[in-house]
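Next comes work.cif, a file with mmCIF, N, CA and C atoms.
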data_model
#
loop_
_atom_site.label_atom_id
_atom_site.label_comp_id
_atom_site.auth_asym_id
_atom_site.auth_seq_id
_atom_site.Cartn_x
_atom_site.Cartn_y
_atom_site.Cartn_z
N MET A 1 0.81 -1.19 0.00
CA MET A 1 0.00 0.00 0.00
C MET A 1 0.86 1.26 0.00
N ILE A 2 1.90 1.27 0.83
CA ILE A 2 2.81 2.42 0.87
C ILE A 2 3.55 2.53 -0.46
N ARG A 3 3.95 1.37 -1.00
CA ARG A 3 4.66 1.36 -2.28
C ARG A 3 3.79 1.96 -3.38
N GLU A 4 2.50 1.64 -3.39
CA GLU A 4 1.61 2.18 -4.41
C GLU A 4 1.45 3.70 -4.25
N ARG A 5 1.38 4.17 -3.01
CA ARG A 5 1.29 5.62 -2.78
C ARG A 5 2.55 6.33 -3.25
N ILE A 6 3.70 5.73 -2.97
CA ILE A 6 4.96 6.32 -3.43
C ILE A 6 4.98 6.35 -4.95
N LEU A 7 4.55 5.25 -5.58
CA LEU A 7 4.51 5.20 -7.04
C LEU A 7 3.58 6.27 -7.60
N LYS A 8 2.44 6.46 -6.98
CA LYS A 8 1.52 7.50 -7.44
C LYS A 8 2.17 8.88 -7.38
N VAL A 9 2.87 9.16 -6.28
CA VAL A 9 3.56 10.45 -6.14
C VAL A 9 4.65 10.59 -7.20
N VAL A 10 5.42 9.52 -7.41
CA VAL A 10 6.49 9.55 -8.42
C VAL A 10 5.88 9.76 -9.81
N LEU A 11 4.78 9.09 -10.11
CA LEU A 11 4.14 9.27 -11.42
C LEU A 11 3.66 10.71 -11.62
N VAL A 12 3.14 11.31 -10.57
CA VAL A 12 2.69 12.70 -10.67
C VAL A 12 3.90 13.62 -10.88
N ILE A 13 4.98 13.40 -10.12
CA ILE A 13 6.17 14.25 -10.26
C ILE A 13 6.78 14.11 -11.65
N VAL A 14 6.99 12.88 -12.10
CA VAL A 14 7.58 12.66 -13.42
C VAL A 14 6.63 13.16 -14.51
N GLY A 15 5.34 12.91 -14.33
CA GLY A 15 4.36 13.40 -15.30
C GLY A 15 4.38 14.91 -15.41
N MET A 16 4.48 15.60 -14.28
CA MET A 16 4.54 17.07 -14.29
C MET A 16 5.85 17.56 -14.91
N LEU A 17 6.96 16.88 -14.61
CA LEU A 17 8.24 17.25 -15.23
C LEU A 17 8.16 17.13 -16.74
N PHE A 18 7.63 16.01 -17.21
CA PHE A 18 7.52 15.80 -18.65
C PHE A 18 6.53 16.79 -19.26
N LEU A 19 5.44 17.05 -18.56
CA LEU A 19 4.44 18.00 -19.06
C LEU A 19 5.01 19.42 -19.12
N ALA A 20 5.92 19.72 -18.21
CA ALA A 20 6.54 21.06 -18.17
C ALA A 20 7.37 21.35 -19.41
N THR A 21 7.72 20.32 -20.16
CA THR A 21 8.48 20.56 -21.39
C THR A 21 7.62 21.22 -22.46
N VAL A 22 6.34 21.43 -22.18
CA VAL A 22 5.49 22.16 -23.12
C VAL A 22 5.93 23.61 -23.19
N TYR A 23 6.47 24.15 -22.10
CA TYR A 23 6.88 25.56 -22.11
C TYR A 23 7.97 25.83 -23.15
N PRO A 24 9.12 25.12 -23.10
CA PRO A 24 10.11 25.39 -24.15
C PRO A 24 9.60 25.03 -25.54
N LEU A 25 8.68 24.08 -25.60
CA LEU A 25 8.14 23.67 -26.90
C LEU A 25 7.39 24.81 -27.56
N VAL A 26 6.60 25.57 -26.80
CA VAL A 26 5.80 26.64 -27.38
C VAL A 26 6.43 28.02 -27.24
N ALA A 27 7.32 28.20 -26.26
CA ALA A 27 7.86 29.53 -25.99
C ALA A 27 9.20 29.81 -26.65
N MET A 28 9.90 28.79 -27.09
CA MET A 28 11.23 28.98 -27.64
C MET A 28 11.29 28.48 -29.07
N HIS A 29 12.16 29.10 -29.82
CA HIS A 29 12.38 28.61 -31.18
C HIS A 29 13.46 27.54 -31.10
N LEU A 30 13.03 26.28 -31.22
CA LEU A 30 13.93 25.15 -31.08
C LEU A 30 14.09 24.44 -32.41
N GLU A 31 15.18 23.69 -32.54
CA GLU A 31 15.35 22.91 -33.75
C GLU A 31 14.26 21.84 -33.83
N GLU A 32 13.98 21.39 -35.03
CA GLU A 32 12.86 20.49 -35.27
C GLU A 32 12.96 19.19 -34.49
N SER A 33 14.16 18.61 -34.41
CA SER A 33 14.29 17.33 -33.70
C SER A 33 13.99 17.49 -32.21
N LEU A 34 14.37 18.61 -31.62
CA LEU A 34 14.07 18.85 -30.21
C LEU A 34 12.57 19.07 -30.01
N GLN A 35 11.93 19.76 -30.96
CA GLN A 35 10.48 19.94 -30.89
C GLN A 35 9.76 18.59 -30.92
N MET A 36 10.24 17.68 -31.76
CA MET A 36 9.59 16.37 -31.87
C MET A 36 9.72 15.59 -30.56
N ILE A 37 10.92 15.55 -29.97
CA ILE A 37 11.09 14.77 -28.74
C ILE A 37 10.31 15.41 -27.59
N LEU A 38 10.28 16.74 -27.53
CA LEU A 38 9.52 17.39 -26.46
C LEU A 38 8.03 17.13 -26.61
N SER A 39 7.53 17.06 -27.83
CA SER A 39 6.10 16.77 -28.00
C SER A 39 5.78 15.37 -27.50
N ILE A 40 6.70 14.44 -27.66
CA ILE A 40 6.50 13.08 -27.14
C ILE A 40 6.51 13.09 -25.62
N TYR A 41 7.43 13.85 -25.02
CA TYR A 41 7.49 13.90 -23.56
C TYR A 41 6.27 14.60 -22.96
N VAL A 42 5.75 15.63 -23.62
CA VAL A 42 4.53 16.28 -23.14
C VAL A 42 3.38 15.27 -23.13
N THR A 43 3.25 14.52 -24.22
CA THR A 43 2.20 13.51 -24.31
C THR A 43 2.38 12.43 -23.25
N LEU A 44 3.61 11.96 -23.08
CA LEU A 44 3.89 10.95 -22.06
C LEU A 44 3.56 11.49 -20.67
N GLY A 45 3.84 12.76 -20.43
CA GLY A 45 3.52 13.37 -19.14
C GLY A 45 2.04 13.33 -18.84
N VAL A 46 1.22 13.62 -19.83
CA VAL A 46 -0.24 13.56 -19.65
C VAL A 46 -0.66 12.14 -19.27
N PHE A 47 -0.13 11.15 -19.98
CA PHE A 47 -0.52 9.76 -19.71
C PHE A 47 0.02 9.26 -18.37
N LEU A 48 1.17 9.76 -17.94
CA LEU A 48 1.67 9.39 -16.61
C LEU A 48 0.77 9.97 -15.52
N LEU A 49 0.29 11.17 -15.73
CA LEU A 49 -0.64 11.75 -14.75
C LEU A 49 -1.93 10.93 -14.69
N LEU A 50 -2.42 10.50 -15.83
CA LEU A 50 -3.61 9.64 -15.84
C LEU A 50 -3.31 8.29 -15.20
N ALA A 51 -2.13 7.75 -15.44
CA ALA A 51 -1.74 6.45 -14.86
C ALA A 51 -1.60 6.52 -13.35
N SER A 52 -1.34 7.70 -12.81
CA SER A 52 -1.16 7.83 -11.36
C SER A 52 -2.45 7.51 -10.61
N ARG A 53 -3.58 7.55 -11.28
CA ARG A 53 -4.85 7.20 -10.62
C ARG A 53 -4.91 5.73 -10.26
N LYS A 54 -4.43 4.88 -11.18
CA LYS A 54 -4.47 3.43 -10.95
C LYS A 54 -3.22 2.81 -11.60
N PRO A 55 -2.10 2.86 -10.91
CA PRO A 55 -0.84 2.37 -11.48
C PRO A 55 -0.88 0.90 -11.90
N SER A 56 -1.58 0.07 -11.16
CA SER A 56 -1.59 -1.36 -11.48
C SER A 56 -2.23 -1.63 -12.84
N ALA A 57 -3.11 -0.77 -13.29
CA ALA A 57 -3.75 -0.94 -14.59
C ALA A 57 -2.90 -0.35 -15.73
N ASN A 58 -1.80 0.31 -15.37
CA ASN A 58 -0.97 0.97 -16.36
C ASN A 58 0.48 0.51 -16.28
N ARG A 59 0.66 -0.75 -15.95
CA ARG A 59 2.00 -1.31 -15.75
C ARG A 59 2.87 -1.17 -17.00
N SER A 60 2.32 -1.43 -18.16
CA SER A 60 3.13 -1.36 -19.38
C SER A 60 3.56 0.07 -19.69
N LEU A 61 2.73 1.05 -19.41
CA LEU A 61 3.11 2.45 -19.61
C LEU A 61 4.25 2.83 -18.67
N ILE A 62 4.16 2.38 -17.42
CA ILE A 62 5.20 2.67 -16.44
C ILE A 62 6.51 2.00 -16.86
N ALA A 63 6.42 0.76 -17.30
CA ALA A 63 7.62 0.05 -17.75
C ALA A 63 8.21 0.72 -18.99
N PHE A 64 7.36 1.15 -19.92
CA PHE A 64 7.85 1.86 -21.10
C PHE A 64 8.58 3.13 -20.69
N THR A 65 8.01 3.87 -19.76
CA THR A 65 8.65 5.11 -19.32
C THR A 65 10.01 4.83 -18.70
N ALA A 66 10.09 3.78 -17.88
CA ALA A 66 11.36 3.43 -17.24
C ALA A 66 12.41 3.05 -18.28
N TRP A 67 12.07 2.14 -19.17
CA TRP A 67 13.05 1.64 -20.13
C TRP A 67 13.40 2.67 -21.19
N SER A 68 12.44 3.50 -21.58
CA SER A 68 12.77 4.56 -22.53
C SER A 68 13.64 5.63 -21.87
N SER A 69 13.50 5.79 -20.56
CA SER A 69 14.38 6.72 -19.83
C SER A 69 15.81 6.19 -19.82
N PHE A 70 15.96 4.87 -19.65
CA PHE A 70 17.30 4.28 -19.73
C PHE A 70 17.89 4.48 -21.13
N ALA A 71 17.08 4.27 -22.15
CA ALA A 71 17.55 4.44 -23.52
C ALA A 71 17.97 5.88 -23.77
N HIS A 72 17.15 6.82 -23.30
CA HIS A 72 17.46 8.24 -23.47
C HIS A 72 18.76 8.59 -22.73
N ALA A 73 18.92 8.06 -21.53
CA ALA A 73 20.15 8.31 -20.77
C ALA A 73 21.36 7.76 -21.51
N GLY A 74 21.23 6.58 -22.08
CA GLY A 74 22.33 5.98 -22.83
C GLY A 74 22.74 6.82 -24.03
N VAL A 75 21.75 7.32 -24.75
CA VAL A 75 22.04 8.18 -25.91
C VAL A 75 22.74 9.46 -25.45
N MET A 76 22.30 10.01 -24.34
CA MET A 76 22.92 11.24 -23.83
C MET A 76 24.37 11.00 -23.41
N VAL A 77 24.66 9.85 -22.84
CA VAL A 77 26.05 9.53 -22.47
C VAL A 77 26.92 9.45 -23.72
N VAL A 78 26.42 8.77 -24.74
CA VAL A 78 27.19 8.67 -25.99
C VAL A 78 27.38 10.05 -26.61
N GLN A 79 26.34 10.86 -26.60
CA GLN A 79 26.46 12.21 -27.16
C GLN A 79 27.47 13.05 -26.38
N SER A 80 27.55 12.83 -25.07
CA SER A 80 28.50 13.60 -24.26
C SER A 80 29.94 13.29 -24.64
N LEU A 81 30.20 12.13 -25.20
CA LEU A 81 31.55 11.77 -25.64
C LEU A 81 31.95 12.53 -26.90
N HIS A 82 30.97 12.96 -27.68
CA HIS A 82 31.23 13.63 -28.94
C HIS A 82 31.05 15.15 -28.87
N ASP A 83 30.27 15.62 -27.92
CA ASP A 83 29.98 17.05 -27.82
C ASP A 83 30.57 17.58 -26.51
N LEU A 84 31.84 17.90 -26.54
CA LEU A 84 32.55 18.31 -25.32
C LEU A 84 31.97 19.55 -24.65
N PRO A 85 31.58 20.59 -25.40
CA PRO A 85 31.02 21.77 -24.72
C PRO A 85 29.72 21.48 -23.95
N GLU A 86 28.99 20.46 -24.38
CA GLU A 86 27.70 20.12 -23.74
C GLU A 86 27.82 18.92 -22.80
N ARG A 87 29.02 18.48 -22.52
CA ARG A 87 29.22 17.25 -21.76
C ARG A 87 28.53 17.29 -20.39
N VAL A 88 28.74 18.36 -19.63
CA VAL A 88 28.14 18.44 -18.28
C VAL A 88 26.63 18.42 -18.37
N HIS A 89 26.08 19.17 -19.31
CA HIS A 89 24.63 19.22 -19.50
C HIS A 89 24.08 17.84 -19.86
N LEU A 90 24.74 17.18 -20.79
CA LEU A 90 24.28 15.86 -21.23
C LEU A 90 24.41 14.80 -20.14
N LEU A 91 25.51 14.83 -19.41
CA LEU A 91 25.70 13.83 -18.35
C LEU A 91 24.74 14.06 -17.19
N SER A 92 24.48 15.31 -16.85
CA SER A 92 23.51 15.56 -15.77
C SER A 92 22.11 15.13 -16.20
N GLY A 93 21.77 15.35 -17.46
CA GLY A 93 20.49 14.87 -17.97
C GLY A 93 20.41 13.36 -17.98
N ALA A 94 21.53 12.72 -18.33
CA ALA A 94 21.57 11.26 -18.35
C ALA A 94 21.35 10.70 -16.94
N VAL A 95 21.95 11.34 -15.96
CA VAL A 95 21.75 10.89 -14.56
C VAL A 95 20.28 11.05 -14.18
N ALA A 96 19.67 12.16 -14.55
CA ALA A 96 18.25 12.39 -14.21
C ALA A 96 17.36 11.32 -14.84
N PHE A 97 17.59 11.01 -16.12
CA PHE A 97 16.78 9.98 -16.77
C PHE A 97 17.05 8.60 -16.18
N ALA A 98 18.29 8.33 -15.82
CA ALA A 98 18.62 7.03 -15.20
C ALA A 98 17.91 6.89 -13.85
N VAL A 99 17.88 7.97 -13.08
CA VAL A 99 17.20 7.93 -11.77
C VAL A 99 15.71 7.68 -11.97
N ILE A 100 15.11 8.38 -12.94
CA ILE A 100 13.68 8.15 -13.24
C ILE A 100 13.46 6.68 -13.59
N GLY A 101 14.30 6.14 -14.44
CA GLY A 101 14.16 4.74 -14.85
C GLY A 101 14.30 3.78 -13.68
N ILE A 102 15.30 4.00 -12.85
CA ILE A 102 15.54 3.12 -11.70
C ILE A 102 14.36 3.16 -10.73
N VAL A 103 13.90 4.36 -10.41
CA VAL A 103 12.78 4.49 -9.46
C VAL A 103 11.54 3.80 -10.00
N LEU A 104 11.25 3.98 -11.27
CA LEU A 104 10.05 3.36 -11.84
C LEU A 104 10.19 1.84 -11.92
N VAL A 105 11.37 1.34 -12.25
CA VAL A 105 11.55 -0.13 -12.29
C VAL A 105 11.37 -0.72 -10.90
N VAL A 106 11.88 -0.03 -9.89
CA VAL A 106 11.75 -0.53 -8.52
C VAL A 106 10.29 -0.51 -8.06
N LEU A 107 9.54 0.50 -8.48
CA LEU A 107 8.18 0.68 -7.98
C LEU A 107 7.08 0.11 -8.88
N VAL A 108 7.43 -0.35 -10.08
CA VAL A 108 6.39 -0.83 -11.00
C VAL A 108 5.58 -1.94 -10.32
N PRO A 109 4.26 -1.88 -10.45
CA PRO A 109 3.42 -2.89 -9.79
C PRO A 109 3.70 -4.29 -10.32
N ALA A 110 3.44 -5.26 -9.48
CA ALA A 110 3.60 -6.66 -9.89
C ALA A 110 2.63 -6.96 -11.02
N ASN A 111 2.99 -7.93 -11.84
CA ASN A 111 2.14 -8.34 -12.95
C ASN A 111 0.87 -8.97 -12.40
N ILE A 112 -0.25 -8.45 -12.82
CA ILE A 112 -1.54 -8.97 -12.38
C ILE A 112 -1.94 -10.11 -13.31
N GLU A 113 -2.30 -11.24 -12.72
CA GLU A 113 -2.71 -12.38 -13.54
C GLU A 113 -4.05 -12.09 -14.19
N ALA A 114 -4.19 -12.55 -15.41
CA ALA A 114 -5.45 -12.39 -16.14
C ALA A 114 -6.51 -13.27 -15.49
N PRO A 115 -7.76 -12.82 -15.50
CA PRO A 115 -8.82 -13.65 -14.93
C PRO A 115 -8.96 -14.96 -15.68
N ASP A 116 -9.36 -15.99 -14.96
CA ASP A 116 -9.55 -17.31 -15.55
C ASP A 116 -10.78 -17.27 -16.46
N PRO A 117 -10.61 -17.54 -17.77
CA PRO A 117 -11.76 -17.48 -18.69
C PRO A 117 -12.82 -18.52 -18.38
N SER A 118 -12.49 -19.54 -17.60
CA SER A 118 -13.49 -20.55 -17.28
C SER A 118 -14.31 -20.17 -16.04
N SER A 119 -14.00 -19.00 -15.45
CA SER A 119 -14.77 -18.59 -14.27
C SER A 119 -16.20 -18.26 -14.68
N PRO A 120 -17.16 -18.51 -13.79
CA PRO A 120 -18.57 -18.30 -14.16
C PRO A 120 -18.89 -16.87 -14.58
N GLY A 121 -18.18 -15.90 -14.03
CA GLY A 121 -18.47 -14.51 -14.36
C GLY A 121 -18.11 -14.14 -15.79
N LEU A 122 -17.13 -14.81 -16.39
CA LEU A 122 -16.70 -14.47 -17.74
C LEU A 122 -17.16 -15.45 -18.79
N ARG A 123 -17.58 -16.63 -18.39
CA ARG A 123 -17.93 -17.67 -19.35
C ARG A 123 -18.97 -17.22 -20.37
N PRO A 124 -20.06 -16.55 -20.00
CA PRO A 124 -21.05 -16.16 -21.00
C PRO A 124 -20.49 -15.20 -22.04
N TYR A 125 -19.58 -14.34 -21.64
CA TYR A 125 -19.01 -13.37 -22.56
C TYR A 125 -17.94 -13.98 -23.45
N MET A 126 -17.28 -14.99 -22.97
CA MET A 126 -16.24 -15.64 -23.75
C MET A 126 -16.85 -16.47 -24.87
N SER A 127 -18.03 -17.00 -24.66
CA SER A 127 -18.67 -17.84 -25.67
C SER A 127 -19.49 -17.03 -26.66
N GLY A 128 -19.69 -15.74 -26.35
CA GLY A 128 -20.48 -14.91 -27.24
C GLY A 128 -21.96 -15.01 -26.96
N ILE A 129 -22.36 -15.82 -25.99
CA ILE A 129 -23.78 -15.98 -25.64
C ILE A 129 -23.96 -15.47 -24.24
N ASN A 130 -24.86 -14.54 -24.07
CA ASN A 130 -25.11 -13.97 -22.75
C ASN A 130 -26.33 -14.65 -22.14
N ARG A 131 -26.08 -15.57 -21.24
CA ARG A 131 -27.18 -16.28 -20.56
C ARG A 131 -27.31 -15.72 -19.15
N ALA A 132 -28.29 -14.92 -18.95
CA ALA A 132 -28.47 -14.26 -17.64
C ALA A 132 -29.21 -15.12 -16.67
#
Is it possible to give me this structure as structure tokens?
Amino acid sequence: MIRERILKVVLVIVGMLFLATVYPLVAMHLEESLQMILSIYVTLGVFLLLASRKPSANRSLIAFTAWSSFAHAGVMVVQSLHDLPERVHLLSGAVAFAVIGIVLVVLVPANIEAPDPSSPGLRPYMSGINRA
């Protein structure tokens, strides 16, 4: 129960951080590739805020956010090797994304087993015949 509350708070914080990228997206003249990635993060932020209501029903979204954060961090580390003037900026961003990924992987809800299709409650719907 405490773990789920912590996850909800983390989802709201990460969702708000990602949603906050709407400001540079609309207020600054950015290169096209940065505009595209920020639009994805704004969208992801909205869905993380929605997922914070019921994290167990949004396990795949949480896992995607965690693993895509690791991927983003990895790309930033590689970029820091080639772009020396931006190295500190890229490495600090990589650490931030890695922390987001680690926290979400640790807190992601356990996999919920699918209901048994032979259970009486689902049997009428599984056969296509509704016998009330």
Check your understanding: On this structure, which residues satisfy the PyMOL selection byres ((chain A and resi 15-28) around 6), written as a list in words?
Key ->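 After applying the PyMOL selection byres ((chain A and resi 15-28) around 6), what remains is Val10, Leu11, Val12, Ile13, Val14, His29, Leu30, Gln35, Leu38, Tyr41, Val42, Leu44, Gly45, Val46, Leu48 and Leu49 of chain A.
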Exercise for review: Excluding stretch 92-96 of chain A and residues on its chain fewer than 6 positions from it, collect all residues at most 8 Å away from it, counting all atoms listed in the file, and give them as number ranges by chain.
Suggested key: A: 69, 72-77, 86, 102
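Matched in the shown structure by the PyMOL selection byres (((chain A and resi 56-66 and name CA) around 9) and name CA): Glu4, Leu11, Leu44, Phe47, Leu48, Ala51, Ser52, Lys54, Pro55, Trp67, Ser68, Ser69, Phe70, Ala71, Phe97, Ala98, Ile100, Gly101, Ile102, Val103, Leu104, Val105, Val108, Pro109, Ala110, Asn111 and Ile112 of chain A.
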Written selection (N, CA and C atoms) as an mmCIF file, in the frame of the given file:
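The file below, out07.cif, is the result:
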data_model
loop_
_atom_site.group_PDB
_atom_site.id
_atom_site.type_symbol
_atom_site.label_atom_id
_atom_site.label_comp_id
_atom_site.auth_asym_id
_atom_site.auth_seq_id
_atom_site.Cartn_x
_atom_site.Cartn_y
_atom_site.Cartn_z
ATOM 1 N N GLU A 4 2.500 1.640 -3.390
ATOM 2 C CA GLU A 4 1.610 2.180 -4.410
ATOM 3 C C GLU A 4 1.450 3.700 -4.250
ATOM 4 N N LEU A 11 4.780 9.090 -10.110
ATOM 5 C CA LEU A 11 4.140 9.270 -11.420
ATOM 6 C C LEU A 11 3.660 10.710 -11.620
ATOM 7 N N LEU A 44 3.610 11.960 -23.080
ATOM 8 C CA LEU A 44 3.890 10.950 -22.060
ATOM 9 C C LEU A 44 3.560 11.490 -20.670
ATOM 10 N N PHE A 47 -0.130 11.150 -19.980
ATOM 11 C CA PHE A 47 -0.520 9.760 -19.710
ATOM 12 C C PHE A 47 0.020 9.260 -18.370
ATOM 13 N N LEU A 48 1.170 9.760 -17.940
ATOM 14 C CA LEU A 48 1.670 9.390 -16.610
ATOM 15 C C LEU A 48 0.770 9.970 -15.520
ATOM 16 N N ALA A 51 -2.130 7.750 -15.440
ATOM 17 C CA ALA A 51 -1.740 6.450 -14.860
ATOM 18 C C ALA A 51 -1.600 6.520 -13.350
ATOM 19 N N SER A 52 -1.340 7.700 -12.810
ATOM 20 C CA SER A 52 -1.160 7.830 -11.360
ATOM 21 C C SER A 52 -2.450 7.510 -10.610
ATOM 22 N N LYS A 54 -4.430 4.880 -11.180
ATOM 23 C CA LYS A 54 -4.470 3.430 -10.950
ATOM 24 C C LYS A 54 -3.220 2.810 -11.600
ATOM 25 N N PRO A 55 -2.100 2.860 -10.910
ATOM 26 C CA PRO A 55 -0.840 2.370 -11.480
ATOM 27 C C PRO A 55 -0.880 0.900 -11.900
ATOM 28 N N TRP A 67 12.070 2.140 -19.170
ATOM 29 C CA TRP A 67 13.050 1.640 -20.130
ATOM 30 C C TRP A 67 13.400 2.670 -21.190
ATOM 31 N N SER A 68 12.440 3.500 -21.580
ATOM 32 C CA SER A 68 12.770 4.560 -22.530
ATOM 33 C C SER A 68 13.640 5.630 -21.870
ATOM 34 N N SER A 69 13.500 5.790 -20.560
ATOM 35 C CA SER A 69 14.380 6.720 -19.830
ATOM 36 C C SER A 69 15.810 6.190 -19.820
ATOM 37 N N PHE A 70 15.960 4.870 -19.650
ATOM 38 C CA PHE A 70 17.300 4.280 -19.730
ATOM 39 C C PHE A 70 17.890 4.480 -21.130
ATOM 40 N N ALA A 71 17.080 4.270 -22.150
ATOM 41 C CA ALA A 71 17.550 4.440 -23.520
ATOM 42 C C ALA A 71 17.970 5.880 -23.770
ATOM 43 N N PHE A 97 17.590 11.010 -16.120
ATOM 44 C CA PHE A 97 16.780 9.980 -16.770
ATOM 45 C C PHE A 97 17.050 8.600 -16.180
ATOM 46 N N ALA A 98 18.290 8.330 -15.820
ATOM 47 C CA ALA A 98 18.620 7.030 -15.200
ATOM 48 C C ALA A 98 17.910 6.890 -13.850
ATOM 49 N N ILE A 100 15.110 8.380 -12.940
ATOM 50 C CA ILE A 100 13.680 8.150 -13.240
ATOM 51 C C ILE A 100 13.460 6.680 -13.590
ATOM 52 N N GLY A 101 14.300 6.140 -14.440
ATOM 53 C CA GLY A 101 14.160 4.740 -14.850
ATOM 54 C C GLY A 101 14.300 3.780 -13.680
ATOM 55 N N ILE A 102 15.300 4.000 -12.850
ATOM 56 C CA ILE A 102 15.540 3.120 -11.700
ATOM 57 C C ILE A 102 14.360 3.160 -10.730
ATOM 58 N N VAL A 103 13.900 4.360 -10.410
ATOM 59 C CA VAL A 103 12.780 4.490 -9.460
ATOM 60 C C VAL A 103 11.540 3.800 -10.000
ATOM 61 N N LEU A 104 11.250 3.980 -11.270
ATOM 62 C CA LEU A 104 10.050 3.360 -11.840
ATOM 63 C C LEU A 104 10.190 1.840 -11.920
ATOM 64 N N VAL A 105 11.370 1.340 -12.250
ATOM 65 C CA VAL A 105 11.550 -0.130 -12.290
ATOM 66 C C VAL A 105 11.370 -0.720 -10.900
ATOM 67 N N VAL A 108 7.430 -0.350 -10.080
ATOM 68 C CA VAL A 108 6.390 -0.830 -11.000
ATOM 69 C C VAL A 108 5.580 -1.940 -10.320
ATOM 70 N N PRO A 109 4.260 -1.880 -10.450
ATOM 71 C CA PRO A 109 3.420 -2.890 -9.790
ATOM 72 C C PRO A 109 3.700 -4.290 -10.320
ATOM 73 N N ALA A 110 3.440 -5.260 -9.480
ATOM 74 C CA ALA A 110 3.600 -6.660 -9.890
ATOM 75 C C ALA A 110 2.630 -6.960 -11.020
ATOM 76 N N ASN A 111 2.990 -7.930 -11.840
ATOM 77 C CA ASN A 111 2.140 -8.340 -12.950
ATOM 78 C C ASN A 111 0.870 -8.970 -12.400
ATOM 79 N N ILE A 112 -0.250 -8.450 -12.820
ATOM 80 C CA ILE A 112 -1.540 -8.970 -12.380
ATOM 81 C C ILE A 112 -1.940 -10.110 -13.310
#
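The gap separating atom N of A:Val99 from atom N of A:Leu84 is 21.8 Å, in Å to one decimal.
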Review point. What gap, in Å, lies between atom CA of A:Leu81 and atom C of A:Ile37?
Key: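 Going from atom CA of A:Leu81 over to atom C of A:Ile37 covers 21.6 Å.
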Practice item. Would you work out the distance separating atom C of A:Ser80 from atom N of A:Leu107, expressed in Å to one decimal? Key: 29.0 Å
Exercise for review: Per DSSP on the backbone, filter chain A down to the residues in alpha helix (DSSP H) and report them as a VMD selection string.
Suggested key: chain A and resid 2 to 19 22 to 27 32 to 51 59 to 82 87 to 107 123 to 127
Given 4 Å on each side, where is the centre and what are the edge lengths in Å to one decimal of the axis-aligned box enclosing the listed atoms of stretch 40-51 of chain A, as lines of an AutoDock Vina configuration file?
center_x = 1.9
center_y = 11.4
center_z = -20.5
size_x = 19.1
size_y = 17.8
size_z = 22.3
